[in-house]
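**Student:** Here you go, this is entry_8.pdb (PDB, C-alpha atoms).
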ATOM      1  CA  MET A1068      77.306  27.339  -4.443
ATOM      2  CA  GLN A1069      78.602  23.796  -4.082
ATOM      3  CA  MET A1070      81.667  24.882  -2.101
ATOM      4  CA  PRO A1071      80.377  25.641   1.428
ATOM      5  CA  PRO A1072      81.261  22.911   3.903
ATOM      6  CA  GLY A1073      78.247  20.758   4.624
ATOM      7  CA  PRO A1074      77.322  17.153   5.312
ATOM      8  CA  ASP A1075      78.293  16.007   1.803
ATOM      9  CA  SER A1076      81.696  17.668   1.749
ATOM     10  CA  MET A1077      82.380  16.555   5.319
ATOM     11  CA  LEU A1078      81.608  12.918   4.468
ATOM     12  CA  VAL A1079      83.733  13.077   1.310
ATOM     13  CA  THR A1080      86.621  14.644   3.226
ATOM     14  CA  ALA A1081      86.349  12.052   5.975
ATOM     15  CA  ARG A1082      86.376   9.278   3.377
ATOM     16  CA  GLY A1083      89.375  10.819   1.619
ATOM     17  CA  ILE A1084      91.357  11.174   4.827
ATOM     18  CA  GLY A1085      90.439   7.782   6.247
ATOM     19  CA  GLN A1086      89.891   5.590   3.170
ATOM     20  CA  GLY A1087      91.681   7.239   0.269
ATOM     21  CA  ARG A1088      90.743   8.995  -2.931
ATOM     22  CA  THR A1089      89.025   6.085  -4.684
ATOM     23  CA  VAL A1090      86.503   5.548  -1.899
ATOM     24  CA  ALA A1091      85.971   9.321  -1.628
ATOM     25  CA  LEU A1092      85.324   9.586  -5.384
ATOM     26  CA  PHE A1093      82.800   6.735  -5.298
ATOM     27  CA  THR A1094      81.095   8.519  -2.402
ATOM     28  CA  VAL A1095      80.861  11.624  -4.610
ATOM     29  CA  LEU A1096      79.311   9.617  -7.453
ATOM     30  CA  GLY A1097      76.663   8.270  -5.096
ATOM     31  CA  MET A1098      75.878  11.741  -3.732
ATOM     32  CA  THR A1099      75.523  13.264  -7.179
ATOM     33  CA  VAL A1100      74.731  10.793  -9.950
ATOM     34  CA  GLY A1101      72.915   8.287  -7.736
ATOM     35  CA  ALA A1102      70.875  10.894  -5.860
ATOM     36  CA  ALA A1103      70.084  12.753  -9.114
ATOM     37  CA  MET A1104      68.195   9.741 -10.436
ATOM     38  CA  VAL A1105      65.689  10.240  -7.602
ATOM     39  CA  GLN A1106      65.766  14.008  -7.041
ATOM     40  CA  LEU A1107      65.663  15.376 -10.597
ATOM     41  CA  PRO A1108      62.394  13.706 -11.646
ATOM     42  CA  LEU A1109      60.745  14.751  -8.360
ATOM     43  CA  VAL A1110      61.793  18.393  -8.737
ATOM     44  CA  ALA A1111      61.014  18.602 -12.465
ATOM     45  CA  LEU A1112      57.564  17.040 -12.201
ATOM     46  CA  GLY A1113      56.659  18.926  -9.023
ATOM     47  CA  VAL A1114      57.587  22.394 -10.281
ATOM     48  CA  THR A1115      56.069  21.715 -13.728
ATOM     49  CA  SER A1116      52.795  20.691 -12.074
ATOM     50  CA  LEU A1117      52.845  23.864  -9.973
ATOM     51  CA  LEU A1118      53.357  26.040 -13.054
ATOM     52  CA  ARG A1119      50.482  24.327 -14.872
ATOM     53  CA  ALA A1120      48.211  24.702 -11.850
ATOM     54  CA  SER A1121      48.965  28.374 -11.182
ATOM     55  CA  PRO A1122      51.437  30.828 -12.723
ATOM     56  CA  HIS A1123      50.970  32.986  -9.605
ATOM     57  CA  ALA A1124      52.000  30.087  -7.364
ATOM     58  CA  PHE A1125      55.074  29.606  -9.563
ATOM     59  CA  ALA A1126      55.965  33.301  -9.159
ATOM     60  CA  ALA A1127      55.486  32.953  -5.403
ATOM     61  CA  LEU A1128      57.819  29.929  -5.437
ATOM     62  CA  GLN A1129      60.440  32.070  -7.174
ATOM     63  CA  TRP A1130      60.126  34.823  -4.541
ATOM     64  CA  VAL A1131      60.249  32.308  -1.695
ATOM     65  CA  GLY A1132      63.283  30.731  -3.361
ATOM     66  CA  SER A1133      65.048  34.096  -3.495
ATOM     67  CA  ALA A1134      64.315  34.708   0.187
ATOM     68  CA  TYR A1135      65.511  31.193   1.020
ATOM     69  CA  LEU A1136      68.817  31.800  -0.781
ATOM     70  CA  VAL A1137      69.371  35.028   1.165
ATOM     71  CA  TRP A1138      68.592  33.212   4.428
ATOM     72  CA  LEU A1139      70.984  30.359   3.563
ATOM     73  CA  GLY A1140      73.740  32.813   2.695
ATOM     74  CA  LEU A1141      73.279  34.734   5.944
ATOM     75  CA  ARG A1142      73.404  31.474   7.898
ATOM     76  CA  LEU A1143      76.722  30.606   6.254
ATOM     77  CA  ILE A1144      78.112  34.071   7.014
ATOM     78  CA  PHE A1145      77.108  34.099  10.671
ATOM     79  CA  THR A1146      77.446  30.420  11.657
ATOM     80  CA  ALA A1147      80.626  28.765  12.895
ATOM     81  CA  PRO A1148      81.943  25.954  10.682
ATOM     82  CA  ASP A1149      80.911  22.368  11.332
ATOM     83  CA  ALA A1150      82.686  20.247  13.903
ATOM     84  CA  ARG A1151      85.941  18.604  12.864
ATOM     85  CA  VAL A1152      85.632  15.537  10.678
ATOM     86  CA  GLN A1153      86.631  12.326  12.374
ATOM     87  CA  GLN A1154      88.893  10.004  10.446
ATOM     88  CA  ASP A1155      87.300   6.648   9.661
ATOM     89  CA  LYS A1156      89.827   3.844   9.391
ATOM     90  CA  SER A1157      87.350   0.962   8.972
ATOM     91  CA  PRO A1158      87.560  -0.566   5.473
ATOM     92  CA  ILE A1159      84.777   0.086   2.957
ATOM     93  CA  GLU A1160      84.251  -1.094  -0.614
ATOM     94  CA  PRO A1161      83.881   1.559  -3.349
ATOM     95  CA  LEU A1162      80.328   0.470  -4.298
ATOM     96  CA  ALA A1163      79.290   0.521  -0.652
ATOM     97  CA  ALA A1164      80.749   4.040  -0.419
ATOM     98  CA  ALA A1165      78.667   5.081  -3.456
ATOM     99  CA  ARG A1166      75.514   3.602  -1.921
ATOM    100  CA  GLU A1167      76.160   5.333   1.413
ATOM    101  CA  GLY A1168      76.874   8.625  -0.368
ATOM    102  CA  MET A1169      73.575   8.364  -2.226
ATOM    103  CA  ILE A1170      71.639   7.581   0.946
ATOM    104  CA  ALA A1171      73.359  10.409   2.846
ATOM    105  CA  ASN A1172      72.371  12.887   0.127
ATOM    106  CA  LEU A1173      68.788  11.621  -0.167
ATOM    107  CA  ILE A1174      68.044  11.718   3.568
ATOM    108  CA  ASN A1175      69.495  15.223   3.879
ATOM    109  CA  PRO A1176      66.639  17.690   3.175
ATOM    110  CA  TRP A1177      69.047  20.451   2.087
ATOM    111  CA  PRO A1178      69.801  19.261  -1.491
ATOM    112  CA  ILE A1179      66.201  18.829  -2.658
ATOM    113  CA  THR A1180      65.013  21.934  -0.791
ATOM    114  CA  PHE A1181      67.812  23.910  -2.400
ATOM    115  CA  MET A1182      66.921  22.567  -5.853
ATOM    116  CA  VAL A1183      63.247  23.516  -5.420
ATOM    117  CA  ALA A1184      64.229  27.018  -4.260
ATOM    118  CA  PHE A1185      67.081  27.597  -6.724
ATOM    119  CA  LEU A1186      66.304  25.954 -10.059
ATOM    120  CA  PRO A1187      62.949  27.683 -10.766
ATOM    121  CA  GLN A1188      64.774  31.033 -10.662
ATOM    122  CA  PHE A1189      66.272  30.171 -14.054
ATOM    123  CA  VAL A1190      63.187  28.678 -15.695
ATOM    124  CA  ASP A1191      61.415  30.604 -18.439
ATOM    125  CA  PRO A1192      57.764  29.606 -18.004
ATOM    126  CA  HIS A1193      57.000  30.892 -21.514
ATOM    127  CA  GLY A1194      59.933  29.117 -23.142
ATOM    128  CA  SER A1195      60.341  25.511 -24.149
ATOM    129  CA  SER A1196      59.294  22.627 -21.900
ATOM    130  CA  VAL A1197      59.568  23.608 -18.235
ATOM    131  CA  THR A1198      60.218  19.967 -17.343
ATOM    132  CA  LEU A1199      63.132  19.803 -19.782
ATOM    133  CA  GLN A1200      64.533  23.108 -18.514
ATOM    134  CA  LEU A1201      64.417  21.831 -14.921
ATOM    135  CA  LEU A1202      66.047  18.534 -15.860
ATOM    136  CA  VAL A1203      68.866  20.346 -17.688
ATOM    137  CA  LEU A1204      69.359  22.798 -14.819
ATOM    138  CA  GLY A1205      69.281  19.997 -12.245
ATOM    139  CA  ALA A1206      71.750  17.905 -14.250
ATOM    140  CA  THR A1207      74.036  20.939 -14.506
ATOM    141  CA  GLN A1208      73.865  21.412 -10.746
ATOM    142  CA  LYS A1209      74.702  17.743 -10.185
ATOM    143  CA  ILE A1210      77.633  17.924 -12.638
ATOM    144  CA  THR A1211      79.047  20.917 -10.768
ATOM    145  CA  GLY A1212      78.560  18.861  -7.606
ATOM    146  CA  VAL A1213      80.677  16.085  -9.116
ATOM    147  CA  LEU A1214      83.386  18.602  -9.964
ATOM    148  CA  VAL A1215      83.445  20.418  -6.613
ATOM    149  CA  LEU A1216      83.050  17.339  -4.424
ATOM    150  CA  GLY A1217      85.550  15.556  -6.676
ATOM    151  CA  VAL A1218      88.086  18.237  -5.766
ATOM    152  CA  TYR A1219      87.282  17.631  -2.091
ATOM    153  CA  ALA A1220      87.817  13.910  -2.675
ATOM    154  CA  LEU A1221      91.135  14.336  -4.485
ATOM    155  CA  ALA A1222      92.462  16.949  -2.097
ATOM    156  CA  SER A1223      91.283  15.336   1.129
ATOM    157  CA  GLY A1224      94.084  12.784   1.208
ATOM    158  CA  SER A1225      96.726  15.476   1.154
ATOM    159  CA  ILE A1226      95.273  18.728   2.489
ATOM    160  CA  GLY A1227      91.930  17.611   3.951
ATOM    161  CA  SER A1228      93.315  16.970   7.399
ATOM    162  CA  TRP A1229      95.106  20.339   7.302
ATOM    163  CA  ILE A1230      91.881  22.216   6.432
ATOM    164  CA  MET A1231      89.825  20.322   9.001
ATOM    165  CA  THR A1232      92.234  21.335  11.775
ATOM    166  CA  ARG A1233      92.067  25.018  10.779
ATOM    167  CA  PRO A1234      88.621  26.397  11.584
ATOM    168  CA  ARG A1235      89.574  29.882  10.319
ATOM    169  CA  VAL A1236      90.204  28.603   6.793
ATOM    170  CA  ARG A1237      86.827  26.824   6.788
ATOM    171  CA  LEU A1238      85.133  29.868   8.314
ATOM    172  CA  TRP A1239      86.368  32.218   5.572
ATOM    173  CA  GLN A1240      85.476  29.694   2.879
ATOM    174  CA  GLN A1241      81.978  29.578   4.390
ATOM    175  CA  ARG A1242      81.667  33.378   4.622
ATOM    176  CA  ILE A1243      82.728  33.992   1.030
ATOM    177  CA  ALA A1244      80.278  31.365  -0.203
ATOM    178  CA  GLY A1245      77.572  32.919   1.998
ATOM    179  CA  LEU A1246      78.127  36.376   0.490
ATOM    180  CA  PHE A1247      77.873  34.884  -2.977
ATOM    181  CA  ILE A1248      74.584  33.127  -2.141
ATOM    182  CA  VAL A1249      73.081  36.290  -0.568
ATOM    183  CA  GLY A1250      74.047  38.264  -3.674
ATOM    184  CA  LEU A1251      72.486  35.648  -5.915
ATOM    185  CA  GLY A1252      69.273  35.694  -3.863
ATOM    186  CA  PHE A1253      69.005  39.500  -4.171
ATOM    187  CA  ARG A1254      69.773  39.333  -7.871
ATOM    188  CA  MET A1255      67.044  36.754  -8.352
ATOM    189  CA  ALA A1256      64.523  38.837  -6.375
ATOM    190  CA  PHE A1257      65.281  42.276  -7.801
ATOM    191  CA  GLY A1258      67.102  41.616 -11.055
ATOM    192  CA  GLY A1259      64.154  40.088 -12.861
ATOM    193  CA  GLY A1260      64.727  36.449 -11.945
ATOM    194  CA  ALA A1261      61.675  36.222  -9.712
ATOM    195  CA  SER A1262      59.432  38.613 -11.595
ATOM    196  CA  ARG A1263      58.950  36.821 -14.937
TER     197      ARG A1263
END
Output the structure of this file as structure tokens.

**Tutor:**
Amino acid sequence: MQMPPGPDSMLVTARGIGQGRTVALFTVLGMTVGAAMVQLPLVALGVTSLLRASPHAFAALQWVGSAYLVWLGLRLIFTAPDARVQQDKSPIEPLAAAREGMIANLINPWPITFMVAFLPQFVDPHGSSVTLQLLVLGATQKITGVLVLGVYALASGSIGSWIMTRPRVRLWQQRIAGLFIVGLGFRMAFGGGASR
């Protein structure tokens, strides 16, 4: 789910091509670890409050989340890949790259919207602390983000420019990820994930 090309992967790839792997990796850390310090508490406290206020509203959130995943997957399948990344040759310090990565992730509504739609699908409202479950799930999502975006960062210096100049490769990567997300949305809606 982390693999489809988007603003984060495009920025990391641009940094890798134009600035090198170290700057790209610091950008990844800002997008994941830095942004998580803001996003995870917001998601965990917000969804926990919703569950306490109304179990029916929580169930509705799960159904809306499933529908949102299907919609996102269909968009990936039927949308052309993003415009080509421009190489940035201006120098940037690693900590500045991390700060910019964090800001880019926080001002993009997709990551937090996705977390609110996706993470509650895996929460057991009758299990242990919902807040703790959401924090663990969110941390897991951010760790996978480090791994996937880290691969983008490491690969962008060598194959990033090749991928960016080949829209068909990006298009098929996007379509496969879209099919996976649609399947996950249907599984959540009809496989018991949204009916607990």

**Student:** What do you get, as a list in words, if you spell out every residue that the PyMOL selection byres ((chain A and resi 1107) around 9) selects here?

**Tutor:**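 Against this file, the PyMOL selection byres ((chain A and resi 1107) around 9) returns the residues Ala1102, Ala1103, Met1104, Val1105, Gln1106, Pro1108, Leu1109, Val1110, Ala1111, Leu1112, Ile1179, Met1182, Leu1201, Leu1202, Gly1205 and Ala1206 of chain A.
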
**Student:** Nearest residue to Val1095 in chain A out of A:Gln1200, A:Asn1172, A:Arg1142, A:Leu1216, using only C-alpha atoms?

**Tutor:**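 Nearest to Val1095 in chain A: A:Leu1216.
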
**Student:** Go through A:Val1090, A:Val1114, A:Met1098, A:Met1077 one by one, measure the shortest atom-to-atom distance of each to Ala1127 in chain A using all atoms listed in the file, and give the residue with the smallest value.

**Tutor:**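 For Ala1127 in chain A, the nearest of the candidates is A:Val1114.
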
**Student:** Taking the file as shown, find all residues satisfying the PyMOL selection byres ((chain A and resi 1252) around 9) and write them as a ChimeraX atom specification.

**Tutor:** /A:1132-1138,1140,1185,1247-1251,1253-1257

**Student:** Rounded to one decimal place, report the CA of Gln1188 in chain A-CA of Ser1076 in chain A distance in Å.

**Tutor:**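 Separating CA of Gln1188 in chain A from CA of Ser1076 in chain A is a distance of 24.9 Å.
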
**Student:** Counting all atoms listed in the file, which residue out of A:Ser1116, A:Thr1094, A:Thr1099, A:Thr1198 sits closest to Ala1081 in chain A?

**Tutor:**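 Closest to Ala1081 in chain A, using all atoms listed in the file: A:Thr1094.
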
**Student:** Between A:Leu1096, A:Pro1161, A:Ser1196, A:Gly1073, which one has atoms that come closest to Gly1212 in chain A, using all atoms listed in the file?

**Tutor:**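 For Gly1212 in chain A, the nearest of the candidates is A:Leu1096.
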
**Student:** I'd like the box whose edges run along x, y and z of the file and which contains every listed atom of range 1133-1147 of chain A, padded by 5 Å per side; could you state its centre and edge lengths in Å, one decimal, as AutoDock Vina command-line options?

**Tutor:**
--center_x 72.5 --center_y 31.9 --center_z 4.7 --size_x 26.3 --size_y 16.3 --size_z 26.4

**Student:** So how many Å separate CA of Tyr1219 in chain A and CA of Val1079 in chain A, to one decimal?

**Tutor:**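 Taking CA of Tyr1219 in chain A and CA of Val1079 in chain A, their separation equals 6.7 Å.
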
**Student:** What is the CA of Val1215 in chain A to CA of Met1169 in chain A distance in Å?

**Tutor:**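 Straight-line distance from CA of Val1215 in chain A to CA of Met1169 in chain A works out to 16.2 Å.
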
**Student:** Pick the closest to Leu1078 in chain A from A:Val1236, A:Ala1124, A:Ala1171, A:Leu1204: which is it, counting all atoms listed in the file?

**Tutor:**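 Closest to Leu1078 in chain A of all the choices is A:Ala1171.
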
**Student:** Could you list the residues chosen by the PyMOL selection byres ((chain A and resi 1089) around 12) in this structure as a PyMOL selection string?

**Tutor:** chain A and resi 1079-1080+1082-1088+1090-1096+1159-1165+1217+1219-1224
